[in-house]
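J.: What follows is coords-v7.txt, made up of compact mmCIF, C-alpha atoms and all ligand atoms:
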# COMPACT_ATOMS: atom_id res chain seq x y z
CA MET A 1 -135.33 39.49 -48.77
CA GLY A 2 -135.32 42.35 -51.35
CA PRO A 3 -132.17 44.15 -52.64
CA ALA A 4 -132.60 47.05 -50.17
CA ASP A 5 -132.81 44.64 -47.19
CA LEU A 6 -129.78 42.77 -48.53
CA LEU A 7 -127.74 45.99 -48.79
CA ARG A 8 -128.84 46.99 -45.30
CA LYS A 9 -127.81 43.64 -43.80
CA SER A 10 -124.46 43.70 -45.64
CA LEU A 11 -123.62 47.21 -44.44
CA LEU A 12 -124.54 46.33 -40.87
CA THR A 13 -122.25 43.29 -41.09
CA LEU A 14 -119.44 45.51 -42.45
CA ALA A 15 -120.06 47.98 -39.61
CA ALA A 16 -118.84 45.33 -37.18
CA ASP A 17 -115.88 44.16 -39.31
CA ASN A 18 -112.58 45.61 -38.17
CA ARG A 19 -110.65 44.57 -41.29
CA VAL A 20 -113.05 46.46 -43.56
CA ARG A 21 -112.98 49.32 -41.13
CA ASP A 22 -109.18 49.57 -41.42
CA LEU A 23 -109.40 49.54 -45.21
CA ILE A 24 -112.04 52.25 -45.37
CA GLU A 25 -110.40 54.45 -42.75
CA ARG A 26 -107.22 54.44 -44.83
CA ALA A 27 -109.10 55.18 -48.04
CA PRO A 28 -109.40 58.78 -49.19
CA VAL A 29 -113.03 59.14 -48.09
CA SER A 30 -114.36 62.50 -49.02
CA ARG A 31 -114.33 64.55 -45.83
CA SER A 32 -117.58 66.21 -46.85
CA VAL A 33 -119.54 62.93 -46.65
CA VAL A 34 -118.35 62.28 -43.11
CA LYS A 35 -118.78 65.92 -42.14
CA ARG A 36 -122.42 65.90 -43.10
CA TYR A 37 -123.09 63.50 -40.20
CA VAL A 38 -120.14 64.12 -37.87
CA PRO A 39 -119.23 67.81 -37.38
CA GLY A 40 -115.62 67.08 -36.42
CA ALA A 41 -113.05 65.21 -34.35
CA TYR A 42 -112.77 67.65 -31.44
CA ASP A 43 -115.05 68.72 -28.61
CA SER A 44 -114.79 72.29 -29.90
CA ASP A 45 -116.40 71.05 -33.16
CA ALA A 46 -119.30 69.58 -31.18
CA VAL A 47 -119.75 72.75 -29.12
CA ALA A 48 -119.74 74.89 -32.30
CA ALA A 49 -122.42 72.61 -33.81
CA VAL A 50 -124.54 72.97 -30.64
CA ALA A 51 -124.28 76.77 -30.85
CA THR A 52 -125.34 76.76 -34.51
CA LEU A 53 -128.36 74.59 -33.74
CA ARG A 54 -129.30 76.81 -30.78
CA ALA A 55 -129.49 79.79 -33.14
CA THR A 56 -132.40 78.07 -34.89
CA GLY A 57 -134.17 76.89 -31.74
CA ARG A 58 -132.82 73.33 -31.67
CA TRP A 59 -131.41 71.51 -28.65
CA ALA A 60 -128.67 68.90 -28.69
CA THR A 61 -127.46 65.62 -27.26
CA ILE A 62 -123.80 64.86 -27.89
CA ASP A 63 -122.15 61.49 -28.40
CA PHE A 64 -118.38 61.09 -28.14
CA LEU A 65 -117.82 58.41 -30.77
CA GLY A 66 -116.24 55.26 -29.51
CA GLU A 67 -117.84 51.87 -28.98
CA ASP A 68 -116.65 48.44 -27.92
CA THR A 69 -113.85 49.81 -25.78
CA THR A 70 -111.42 46.95 -25.20
CA ASP A 71 -108.99 48.37 -22.63
CA PRO A 72 -109.52 50.22 -19.36
CA GLN A 73 -107.40 53.18 -20.45
CA GLN A 74 -109.69 53.76 -23.41
CA ALA A 75 -112.76 53.62 -21.12
CA GLU A 76 -111.11 56.20 -18.89
CA ALA A 77 -110.23 58.41 -21.89
CA VAL A 78 -113.84 58.36 -23.14
CA THR A 79 -115.15 59.21 -19.66
CA THR A 80 -112.70 62.09 -19.34
CA ALA A 81 -113.70 63.32 -22.80
CA TYR A 82 -117.34 63.51 -21.63
CA LEU A 83 -116.39 65.40 -18.47
CA ARG A 84 -114.36 67.92 -20.47
CA LEU A 85 -117.17 68.29 -23.01
CA LEU A 86 -119.73 68.99 -20.26
CA ASP A 87 -117.48 71.70 -18.81
CA LEU A 88 -117.03 73.28 -22.24
CA LEU A 89 -120.79 73.30 -22.84
CA ALA A 90 -121.41 74.85 -19.42
CA ALA A 91 -118.76 77.52 -20.04
CA ASP A 92 -120.75 78.54 -23.13
CA GLN A 93 -123.99 78.55 -21.07
CA LEU A 94 -125.45 75.65 -23.03
CA THR A 95 -126.41 73.31 -20.18
CA ALA A 96 -128.39 75.19 -17.54
CA ARG A 97 -131.83 74.43 -19.05
CA GLY A 98 -130.82 71.08 -20.45
CA GLU A 99 -130.48 72.52 -23.98
CA ALA A 100 -127.35 70.43 -24.47
CA GLU A 101 -126.98 67.03 -22.81
CA VAL A 102 -124.83 63.98 -23.54
CA SER A 103 -125.58 60.54 -24.95
CA VAL A 104 -123.40 57.70 -23.69
CA LYS A 105 -122.79 54.17 -24.96
CA LEU A 106 -121.97 51.94 -22.00
CA SER A 107 -119.67 49.86 -24.25
CA ALA A 108 -117.54 52.99 -24.79
CA ILE A 109 -117.01 53.45 -21.04
CA GLY A 110 -116.12 49.88 -20.18
CA GLN A 111 -119.17 47.57 -20.34
CA GLN A 112 -117.34 44.95 -22.45
CA LEU A 113 -114.25 44.74 -20.20
CA GLU A 114 -113.81 42.06 -17.55
CA GLY A 115 -115.99 43.23 -14.66
CA GLY A 116 -117.38 45.66 -17.21
CA ASP A 117 -120.77 46.36 -15.62
CA ALA A 118 -119.12 47.77 -12.51
CA ILE A 119 -116.62 49.79 -14.56
CA ALA A 120 -119.30 51.23 -16.86
CA LEU A 121 -121.50 52.03 -13.87
CA ALA A 122 -118.70 53.85 -12.05
CA ASN A 123 -117.79 55.84 -15.16
CA ALA A 124 -121.43 56.64 -15.91
CA ARG A 125 -121.81 57.90 -12.34
CA ARG A 126 -118.95 60.36 -12.86
CA ILE A 127 -120.61 61.65 -16.03
CA CYS A 128 -124.02 61.90 -14.30
CA GLU A 129 -122.50 63.72 -11.32
CA ALA A 130 -120.99 66.35 -13.66
CA ALA A 131 -124.22 66.68 -15.64
CA GLN A 132 -126.21 67.18 -12.42
CA ARG A 133 -123.79 69.86 -11.20
CA LEU A 134 -124.17 71.71 -14.51
CA GLY A 135 -127.96 71.39 -14.67
CA THR A 136 -128.30 69.01 -17.56
CA THR A 137 -129.03 65.34 -18.30
CA VAL A 138 -127.53 62.12 -19.67
CA THR A 139 -129.15 59.55 -21.94
CA LEU A 140 -127.85 56.00 -22.33
CA ASP A 141 -127.76 54.83 -25.94
CA MET A 142 -128.97 51.28 -26.54
CA GLU A 143 -126.65 48.89 -28.39
CA ASP A 144 -127.18 45.34 -29.69
CA HIS A 145 -129.69 43.04 -27.97
CA THR A 146 -127.05 41.11 -26.00
CA THR A 147 -126.56 44.24 -23.89
CA THR A 148 -130.18 45.33 -23.35
CA ASP A 149 -130.69 43.71 -19.92
CA ARG A 150 -127.34 44.92 -18.62
CA THR A 151 -127.97 48.47 -19.86
CA LEU A 152 -131.42 48.57 -18.24
CA THR A 153 -129.98 47.25 -14.96
CA THR A 154 -127.32 49.98 -15.01
CA LEU A 155 -130.03 52.52 -15.82
CA ALA A 156 -132.10 51.44 -12.81
CA THR A 157 -129.08 51.77 -10.51
CA LEU A 158 -128.21 55.21 -11.88
CA ARG A 159 -131.81 56.41 -11.65
CA ALA A 160 -131.87 55.74 -7.91
CA ASP A 161 -129.46 58.68 -7.57
CA TYR A 162 -130.09 60.56 -10.82
CA PRO A 163 -133.77 60.05 -11.68
CA TRP A 164 -133.44 62.12 -14.85
CA VAL A 165 -131.10 59.64 -16.61
CA GLY A 166 -132.70 58.60 -19.91
CA VAL A 167 -132.40 55.51 -22.07
CA ALA A 168 -133.01 54.57 -25.69
CA ILE A 169 -135.52 51.80 -26.41
CA GLN A 170 -135.52 50.11 -29.82
CA ALA A 171 -138.95 49.45 -31.34
CA TYR A 172 -137.58 46.55 -33.43
CA LEU A 173 -137.11 44.34 -30.35
CA HIS A 174 -140.05 42.10 -29.40
CA ARG A 175 -139.51 42.99 -25.74
CA SER A 176 -139.77 46.77 -26.17
CA GLU A 177 -143.50 47.23 -25.51
CA ALA A 178 -142.98 45.65 -22.09
CA ASP A 179 -139.86 47.77 -21.49
CA CYS A 180 -141.78 50.93 -22.42
CA ALA A 181 -144.57 50.01 -19.99
CA ALA A 182 -142.01 49.48 -17.23
CA LEU A 183 -140.34 52.81 -18.04
CA ALA A 184 -143.43 55.02 -18.48
CA GLY A 185 -143.48 56.26 -14.88
CA GLU A 186 -143.08 59.76 -13.46
CA GLY A 187 -139.95 61.59 -14.67
CA SER A 188 -138.71 58.69 -16.78
CA ARG A 189 -136.94 59.89 -19.94
CA VAL A 190 -137.23 57.36 -22.77
CA ARG A 191 -135.92 57.86 -26.29
CA LEU A 192 -137.89 55.69 -28.67
CA CYS A 193 -136.01 54.76 -31.86
CA LYS A 194 -136.50 52.01 -34.45
CA GLY A 195 -133.14 50.36 -33.71
CA ALA A 196 -129.92 50.41 -35.72
CA TYR A 197 -128.24 46.98 -35.33
CA SER A 198 -128.55 43.75 -37.27
CA GLU A 199 -130.65 41.53 -34.99
CA PRO A 200 -131.89 37.93 -35.38
CA GLU A 201 -135.57 37.14 -35.85
CA GLU A 202 -135.73 35.41 -32.44
CA VAL A 203 -135.52 38.80 -30.77
CA ALA A 204 -136.44 41.42 -33.37
CA PHE A 205 -139.06 42.23 -35.98
CA GLN A 206 -137.46 41.94 -39.41
CA SER A 207 -139.80 43.85 -41.73
CA MET A 208 -140.02 47.64 -41.71
CA ASP A 209 -143.80 47.40 -41.51
CA GLU A 210 -143.65 45.33 -38.30
CA VAL A 211 -141.04 47.69 -36.82
CA ASP A 212 -143.20 50.73 -37.61
CA LYS A 213 -146.25 49.11 -36.02
CA SER A 214 -144.25 48.26 -32.92
CA TYR A 215 -142.99 51.87 -32.83
CA VAL A 216 -146.58 53.15 -32.76
CA ARG A 217 -147.57 50.71 -30.00
CA CYS A 218 -144.56 51.82 -27.93
CA LEU A 219 -145.34 55.49 -28.63
CA ARG A 220 -148.90 55.06 -27.35
CA ILE A 221 -147.60 53.56 -24.10
CA LEU A 222 -145.00 56.29 -23.56
CA LEU A 223 -147.19 59.25 -24.53
CA SER A 224 -150.09 58.11 -22.37
CA GLY A 225 -147.74 57.47 -19.46
CA LYS A 226 -146.25 59.89 -16.95
CA GLY A 227 -142.69 60.04 -18.25
CA TYR A 228 -140.89 62.26 -20.73
CA PRO A 229 -140.97 60.58 -24.18
CA MET A 230 -138.29 61.46 -26.73
CA ILE A 231 -139.53 60.60 -30.21
CA ALA A 232 -136.37 59.80 -32.18
CA THR A 233 -137.19 59.26 -35.85
CA HIS A 234 -136.90 60.91 -39.25
CA ASP A 235 -139.92 59.02 -40.52
CA PRO A 236 -142.54 61.59 -41.60
CA ARG A 237 -145.43 59.21 -40.82
CA LEU A 238 -144.18 58.50 -37.30
CA VAL A 239 -143.56 62.21 -36.63
CA GLU A 240 -147.15 62.87 -37.67
CA ILE A 241 -148.51 60.02 -35.53
CA GLY A 242 -146.36 61.16 -32.58
CA THR A 243 -147.72 64.71 -32.88
CA ALA A 244 -151.32 63.44 -33.03
CA LEU A 245 -150.90 61.03 -30.08
CA ALA A 246 -149.26 63.74 -27.97
CA ARG A 247 -152.19 66.06 -28.69
CA GLU A 248 -154.66 63.26 -27.88
CA ALA A 249 -152.86 62.62 -24.57
CA GLY A 250 -153.12 66.35 -23.73
CA ARG A 251 -149.35 66.73 -23.51
CA ALA A 252 -147.86 70.21 -23.04
CA PRO A 253 -145.07 71.15 -25.51
CA ASP A 254 -142.43 70.85 -22.78
CA SER A 255 -143.51 67.34 -21.73
CA PHE A 256 -142.01 65.48 -24.70
CA GLU A 257 -139.58 66.10 -27.53
CA PHE A 258 -138.63 65.05 -31.04
CA GLN A 259 -135.08 63.95 -31.81
CA MET A 260 -133.20 63.55 -35.09
CA LEU A 261 -129.60 62.89 -36.09
CA TYR A 262 -127.18 65.65 -37.04
CA GLY A 263 -127.28 66.17 -40.81
CA VAL A 264 -130.50 64.21 -41.39
CA ARG A 265 -133.59 66.13 -42.52
CA PRO A 266 -132.39 69.51 -41.18
CA GLU A 267 -135.33 71.37 -42.78
CA GLU A 268 -137.79 69.13 -40.95
CA GLN A 269 -135.85 69.73 -37.72
CA ARG A 270 -136.27 73.48 -38.16
CA ARG A 271 -139.91 73.13 -39.15
CA LEU A 272 -140.74 71.22 -35.95
CA ALA A 273 -138.82 73.70 -33.80
CA ASP A 274 -140.56 76.63 -35.52
CA ARG A 275 -143.92 75.04 -34.72
CA GLY A 276 -143.10 75.16 -31.02
CA HIS A 277 -141.96 71.58 -30.54
CA ARG A 278 -138.84 70.70 -28.59
CA MET A 279 -136.43 69.42 -31.20
CA ARG A 280 -133.16 67.85 -30.06
CA VAL A 281 -130.40 66.90 -32.49
CA TYR A 282 -128.02 64.01 -31.77
CA ILE A 283 -124.48 65.20 -32.55
CA PRO A 284 -121.70 62.60 -32.75
CA TYR A 285 -118.11 63.80 -32.74
CA GLY A 286 -114.66 62.23 -32.62
CA GLU A 287 -112.34 60.13 -34.74
CA GLU A 288 -114.30 56.89 -34.36
CA TRP A 289 -116.91 57.68 -36.99
CA TYR A 290 -116.77 54.35 -38.86
CA GLY A 291 -119.40 52.22 -37.04
CA TYR A 292 -121.71 55.21 -36.67
CA LEU A 293 -121.54 56.13 -40.34
CA MET A 294 -121.98 52.55 -41.57
CA ARG A 295 -125.23 52.27 -39.62
CA ARG A 296 -126.45 55.52 -41.24
CA MET A 297 -125.52 54.14 -44.68
CA ALA A 298 -127.46 50.96 -43.96
CA GLU A 299 -130.57 52.99 -43.14
CA ARG A 300 -130.63 54.76 -46.45
CA PRO A 301 -129.29 53.20 -49.67
CA ALA A 302 -129.02 56.67 -51.30
CA ASN A 303 -126.48 57.63 -48.62
CA ALA A 304 -124.58 54.40 -49.24
CA MET A 305 -124.27 55.27 -52.93
CA LEU A 306 -122.98 58.75 -52.04
CA PHE A 307 -120.43 57.13 -49.76
CA VAL A 308 -119.31 54.53 -52.29
CA ARG A 309 -118.93 57.24 -54.97
CA SER A 310 -116.79 59.32 -52.61
CA LEU A 311 -114.54 56.29 -52.01
CA ILE A 312 -113.83 55.79 -55.69
CA SER A 313 -113.84 59.36 -57.00
CA ARG A 314 -111.89 61.23 -54.27
P1 LIG B 401 -136.06 55.02 -41.34
O1 LIG B 401 -136.94 53.84 -41.57
O2 LIG B 401 -134.60 54.89 -41.46
O3 LIG B 401 -136.50 56.17 -42.32
C1 LIG B 401 -137.88 56.46 -42.49
C2 LIG B 401 -138.06 57.63 -43.43
O4 LIG B 401 -137.40 58.78 -42.90
C3 LIG B 401 -137.45 57.46 -44.79
O5 LIG B 401 -138.29 56.71 -45.62
C4 LIG B 401 -137.33 58.90 -45.22
O6 LIG B 401 -138.58 59.40 -45.61
C5 LIG B 401 -136.91 59.57 -43.95
N1 LIG B 401 -135.44 59.63 -43.85
C6 LIG B 401 -134.64 58.82 -43.17
N2 LIG B 401 -133.34 59.17 -43.33
C7 LIG B 401 -133.34 60.21 -44.15
C8 LIG B 401 -132.33 61.02 -44.71
N3 LIG B 401 -131.03 60.79 -44.48
N4 LIG B 401 -132.69 62.04 -45.51
C9 LIG B 401 -133.98 62.27 -45.79
N5 LIG B 401 -135.00 61.53 -45.29
C10 LIG B 401 -134.69 60.52 -44.50
N6 LIG B 401 -130.48 53.38 -32.61
C11 LIG B 401 -130.10 52.49 -31.70
O7 LIG B 401 -130.08 51.29 -31.95
N7 LIG B 401 -129.72 52.92 -30.43
C12 LIG B 401 -129.76 54.21 -30.08
O8 LIG B 401 -129.41 54.54 -28.93
C13 LIG B 401 -130.16 55.17 -31.04
N8 LIG B 401 -130.21 56.49 -30.75
C14 LIG B 401 -130.74 57.35 -31.66
C15 LIG B 401 -130.90 58.69 -31.32
C16 LIG B 401 -131.52 59.55 -32.18
C17 LIG B 401 -131.73 60.98 -31.78
C18 LIG B 401 -132.00 59.08 -33.46
C19 LIG B 401 -132.72 59.98 -34.39
C20 LIG B 401 -131.80 57.78 -33.81
C21 LIG B 401 -131.15 56.90 -32.94
N9 LIG B 401 -130.93 55.58 -33.29
C22 LIG B 401 -130.52 54.71 -32.32
C23 LIG B 401 -131.06 55.14 -34.70
C24 LIG B 401 -132.44 54.60 -34.98
O9 LIG B 401 -132.62 53.38 -34.31
C25 LIG B 401 -132.66 54.38 -36.49
O10 LIG B 401 -131.71 53.46 -36.94
C26 LIG B 401 -132.56 55.64 -37.30
O11 LIG B 401 -133.11 56.74 -36.64
C27 LIG B 401 -133.31 55.46 -38.61
O12 LIG B 401 -134.67 55.21 -38.36
P2 LIG B 401 -135.84 56.24 -38.70
O13 LIG B 401 -136.81 56.19 -37.58
O14 LIG B 401 -135.29 57.57 -38.98
O15 LIG B 401 -136.57 55.61 -39.94
Would you write the structure of this file as structure tokens?
Ligand code: FAD
T.:
Amino acid sequence: MGPADLLRKSLLTLAADNRVRDLIERAPVSRSVVKRYVPGAYDSDAVAAVATLRATGRWATIDFLGEDTTDPQQAEAVTTAYLRLLDLLAADQLTARGEAEVSVKLSAIGQQLEGGDAIALANARRICEAAQRLGTTVTLDMEDHTTTDRTLTTLATLRADYPWVGVAIQAYLHRSEADCAALAGEGSRVRLCKGAYSEPEEVAFQSMDEVDKSYVRCLRILLSGKGYPMIATHDPRLVEIGTALAREAGRAPDSFEFQMLYGVRPEEQRRLADRGHRMRVYIPYGEEWYGYLMRRMAERPANAMLFVRSLISR
């Protein structure tokens, strides 16, 4: 394992450590580092970010930060936050063509509670019902591998009533080619990403090269299928390959989209949108930025250095 892999693994371990989280949250982290990736704590901050992106032709999917909810009241609060957010977006006419949708982590709406699958399903239904009424969509984020089966089962149940519900598939998992094949049918919205958690070698490719190759195999399956692929990556090579494979498959510009994270490669986001591609930006908002930001740091050592400097220099 090289130094970069070691740093990545360490940061991912810290992302799940509540003691370190408490320490860092109390430290005087430069607001500007967090703000680059998380526009703010309030739904109004998220809506303002959506409007700014719209002005340059970009669409949005919004994530209310909060994972591993451990009490039912918190699951209810997260669900209510999504419902309020959807209403705010609709009031600003940002939902009718699906320009702004929401991304939901099932763990944030109750999946880890006792009887959690039923709770998360019921809460997800409420969010889907609101999204349908307002003309937009919902995508389920994918979390660590212990939840993949449960998330896909919940997806299948939701899709019986809301066939437009999407899901993220992580190319680093050995199983993902098969999942992509199963999810490449008519109307199926699949967001393909590399995967952001620290996973054991029994279930996941460990080297970046193997992950990238798996990503391309999954892309081929999705782009030659009948669904709506969402190509979520900042990797210039994969964006290029995705563009070429979409062309090869004869895909119209409105039959797939690219996705990137808020604050990451904004010039490339604009370039893709200017070239007529659908470009959707994932916007996280809320107080619970710690786990999200640690995963971003792990992906890019340069960001980790920026973060560490901000911790010690104020
Ligand atoms: P990386 O291997 O991280 O980066 C490849 C190259 O991209 C780099 O070499 C560099 O050239 C460029 N690059 C990357 N970051 C930067 C940067 N900050 N500045 C400049 N260039 C950069 N993961 C999950 O596990 N579950 C999810 O539900 C999920 N949803 C996601 C939704 C979206 C819209 C996106 C974009 C990602 C999501 N992820 C999710 C995270 C994903 O799995 C990866 O961890 C993350 O996107 C980094 O992988 P990458 O494809 O960008 O490639």
J.: Could I get the residue neighbourhood of ligand LIG 401 (chain B) at 9 Å, counting only C-alpha atoms and all ligand atoms, as a ChimeraX atom specification?
T.: /A:61,103-105,139-144,167-172,191-197,208,211-212,215,230-238,258-266,280-283,295-300,302-303
J.: Go ahead and dump the residues you just picked, C-alpha atoms, as a PDB file, keeping the file's coordinate frame.
T.:
ATOM      1  CA  THR A  61    -127.460  65.620 -27.260  1.00  0.00           C
ATOM      2  CA  SER A 103    -125.580  60.540 -24.950  1.00  0.00           C
ATOM      3  CA  VAL A 104    -123.400  57.700 -23.690  1.00  0.00           C
ATOM      4  CA  LYS A 105    -122.790  54.170 -24.960  1.00  0.00           C
ATOM      5  CA  THR A 139    -129.150  59.550 -21.940  1.00  0.00           C
ATOM      6  CA  LEU A 140    -127.850  56.000 -22.330  1.00  0.00           C
ATOM      7  CA  ASP A 141    -127.760  54.830 -25.940  1.00  0.00           C
ATOM      8  CA  MET A 142    -128.970  51.280 -26.540  1.00  0.00           C
ATOM      9  CA  GLU A 143    -126.650  48.890 -28.390  1.00  0.00           C
ATOM     10  CA  ASP A 144    -127.180  45.340 -29.690  1.00  0.00           C
ATOM     11  CA  VAL A 167    -132.400  55.510 -22.070  1.00  0.00           C
ATOM     12  CA  ALA A 168    -133.010  54.570 -25.690  1.00  0.00           C
ATOM     13  CA  ILE A 169    -135.520  51.800 -26.410  1.00  0.00           C
ATOM     14  CA  GLN A 170    -135.520  50.110 -29.820  1.00  0.00           C
ATOM     15  CA  ALA A 171    -138.950  49.450 -31.340  1.00  0.00           C
ATOM     16  CA  TYR A 172    -137.580  46.550 -33.430  1.00  0.00           C
ATOM     17  CA  ARG A 191    -135.920  57.860 -26.290  1.00  0.00           C
ATOM     18  CA  LEU A 192    -137.890  55.690 -28.670  1.00  0.00           C
ATOM     19  CA  CYS A 193    -136.010  54.760 -31.860  1.00  0.00           C
ATOM     20  CA  LYS A 194    -136.500  52.010 -34.450  1.00  0.00           C
ATOM     21  CA  GLY A 195    -133.140  50.360 -33.710  1.00  0.00           C
ATOM     22  CA  ALA A 196    -129.920  50.410 -35.720  1.00  0.00           C
ATOM     23  CA  TYR A 197    -128.240  46.980 -35.330  1.00  0.00           C
ATOM     24  CA  MET A 208    -140.020  47.640 -41.710  1.00  0.00           C
ATOM     25  CA  VAL A 211    -141.040  47.690 -36.820  1.00  0.00           C
ATOM     26  CA  ASP A 212    -143.200  50.730 -37.610  1.00  0.00           C
ATOM     27  CA  TYR A 215    -142.990  51.870 -32.830  1.00  0.00           C
ATOM     28  CA  MET A 230    -138.290  61.460 -26.730  1.00  0.00           C
ATOM     29  CA  ILE A 231    -139.530  60.600 -30.210  1.00  0.00           C
ATOM     30  CA  ALA A 232    -136.370  59.800 -32.180  1.00  0.00           C
ATOM     31  CA  THR A 233    -137.190  59.260 -35.850  1.00  0.00           C
ATOM     32  CA  HIS A 234    -136.900  60.910 -39.250  1.00  0.00           C
ATOM     33  CA  ASP A 235    -139.920  59.020 -40.520  1.00  0.00           C
ATOM     34  CA  PRO A 236    -142.540  61.590 -41.600  1.00  0.00           C
ATOM     35  CA  ARG A 237    -145.430  59.210 -40.820  1.00  0.00           C
ATOM     36  CA  LEU A 238    -144.180  58.500 -37.300  1.00  0.00           C
ATOM     37  CA  PHE A 258    -138.630  65.050 -31.040  1.00  0.00           C
ATOM     38  CA  GLN A 259    -135.080  63.950 -31.810  1.00  0.00           C
ATOM     39  CA  MET A 260    -133.200  63.550 -35.090  1.00  0.00           C
ATOM     40  CA  LEU A 261    -129.600  62.890 -36.090  1.00  0.00           C
ATOM     41  CA  TYR A 262    -127.180  65.650 -37.040  1.00  0.00           C
ATOM     42  CA  GLY A 263    -127.280  66.170 -40.810  1.00  0.00           C
ATOM     43  CA  VAL A 264    -130.500  64.210 -41.390  1.00  0.00           C
ATOM     44  CA  ARG A 265    -133.590  66.130 -42.520  1.00  0.00           C
ATOM     45  CA  PRO A 266    -132.390  69.510 -41.180  1.00  0.00           C
ATOM     46  CA  ARG A 280    -133.160  67.850 -30.060  1.00  0.00           C
ATOM     47  CA  VAL A 281    -130.400  66.900 -32.490  1.00  0.00           C
ATOM     48  CA  TYR A 282    -128.020  64.010 -31.770  1.00  0.00           C
ATOM     49  CA  ILE A 283    -124.480  65.200 -32.550  1.00  0.00           C
ATOM     50  CA  ARG A 295    -125.230  52.270 -39.620  1.00  0.00           C
ATOM     51  CA  ARG A 296    -126.450  55.520 -41.240  1.00  0.00           C
ATOM     52  CA  MET A 297    -125.520  54.140 -44.680  1.00  0.00           C
ATOM     53  CA  ALA A 298    -127.460  50.960 -43.960  1.00  0.00           C
ATOM     54  CA  GLU A 299    -130.570  52.990 -43.140  1.00  0.00           C
ATOM     55  CA  ARG A 300    -130.630  54.760 -46.450  1.00  0.00           C
ATOM     56  CA  ALA A 302    -129.020  56.670 -51.300  1.00  0.00           C
ATOM     57  CA  ASN A 303    -126.480  57.630 -48.620  1.00  0.00           C
TER      58      ASN A 303
END
J.: Would you place a box with edges along x, y and z of the file around all atoms of stretch 154-159 of chain A listed there, add 8 Å to each of its six sides, and report the centre and edge lengths in Å to one decimal, as AutoDock Vina command-line options?
T.:
--center_x -129.7 --center_y 53.2 --center_z -13.2 --size_x 20.8 --size_y 22.4 --size_z 21.3
J.: Pick from A:Gly291, A:Gly115, A:Pro284, A:Gly276: nearest to A:Ala46, with only C-alpha atoms counted?
T.: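 Looking at the shortest contact to A:Ala46, the residue is A:Pro284.
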J.: Between atom CA of A:Glu129 and atom CA of A:Tyr37, what distance in Å does the model show, to one decimal?
T.: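 Calculated distance between atom CA of A:Glu129 and atom CA of A:Tyr37 is 28.9 Å.
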J.: Between A:Ser207, A:Thr137, A:Gly225, A:Ala91, which residue has the minimum interatomic distance to A:Asp5, considering all atoms listed in the file?
T.: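 Selected residue with least distance to A:Asp5: A:Ser207.
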J.: Could you list, as a PyMOL selection string, every residue within 9 Å of stretch 273-275 of chain A, counting only C-alpha atoms and ignoring same-chain residues fewer than 3 positions away?
T.: chain A and resi 56-58+268-270+278-280
J.: Residues within 12 Å of A:Ala252, please, as a ChimeraX atom specification. Count all atoms listed in the file; anything in the same chain fewer than 3 positions from it doesn't count.
T.: /A:223,228-229,243,245-249,255-257,276-278
J.: Could you tell me how far atom CA of A:Val165 sits from atom CA of A:Leu134, in Å to one decimal place?
T.: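 Interatomic distance, atom CA of A:Leu134 to atom CA of A:Val165: 14.1 Å.
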J.: Which of these, A:Ile127, A:Val38, A:Ala120, A:Val216, has the shortest distance to A:Ala81 once you count only C-alpha atoms?
T.: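 Closest to A:Ala81, using only C-alpha atoms: A:Ile127.
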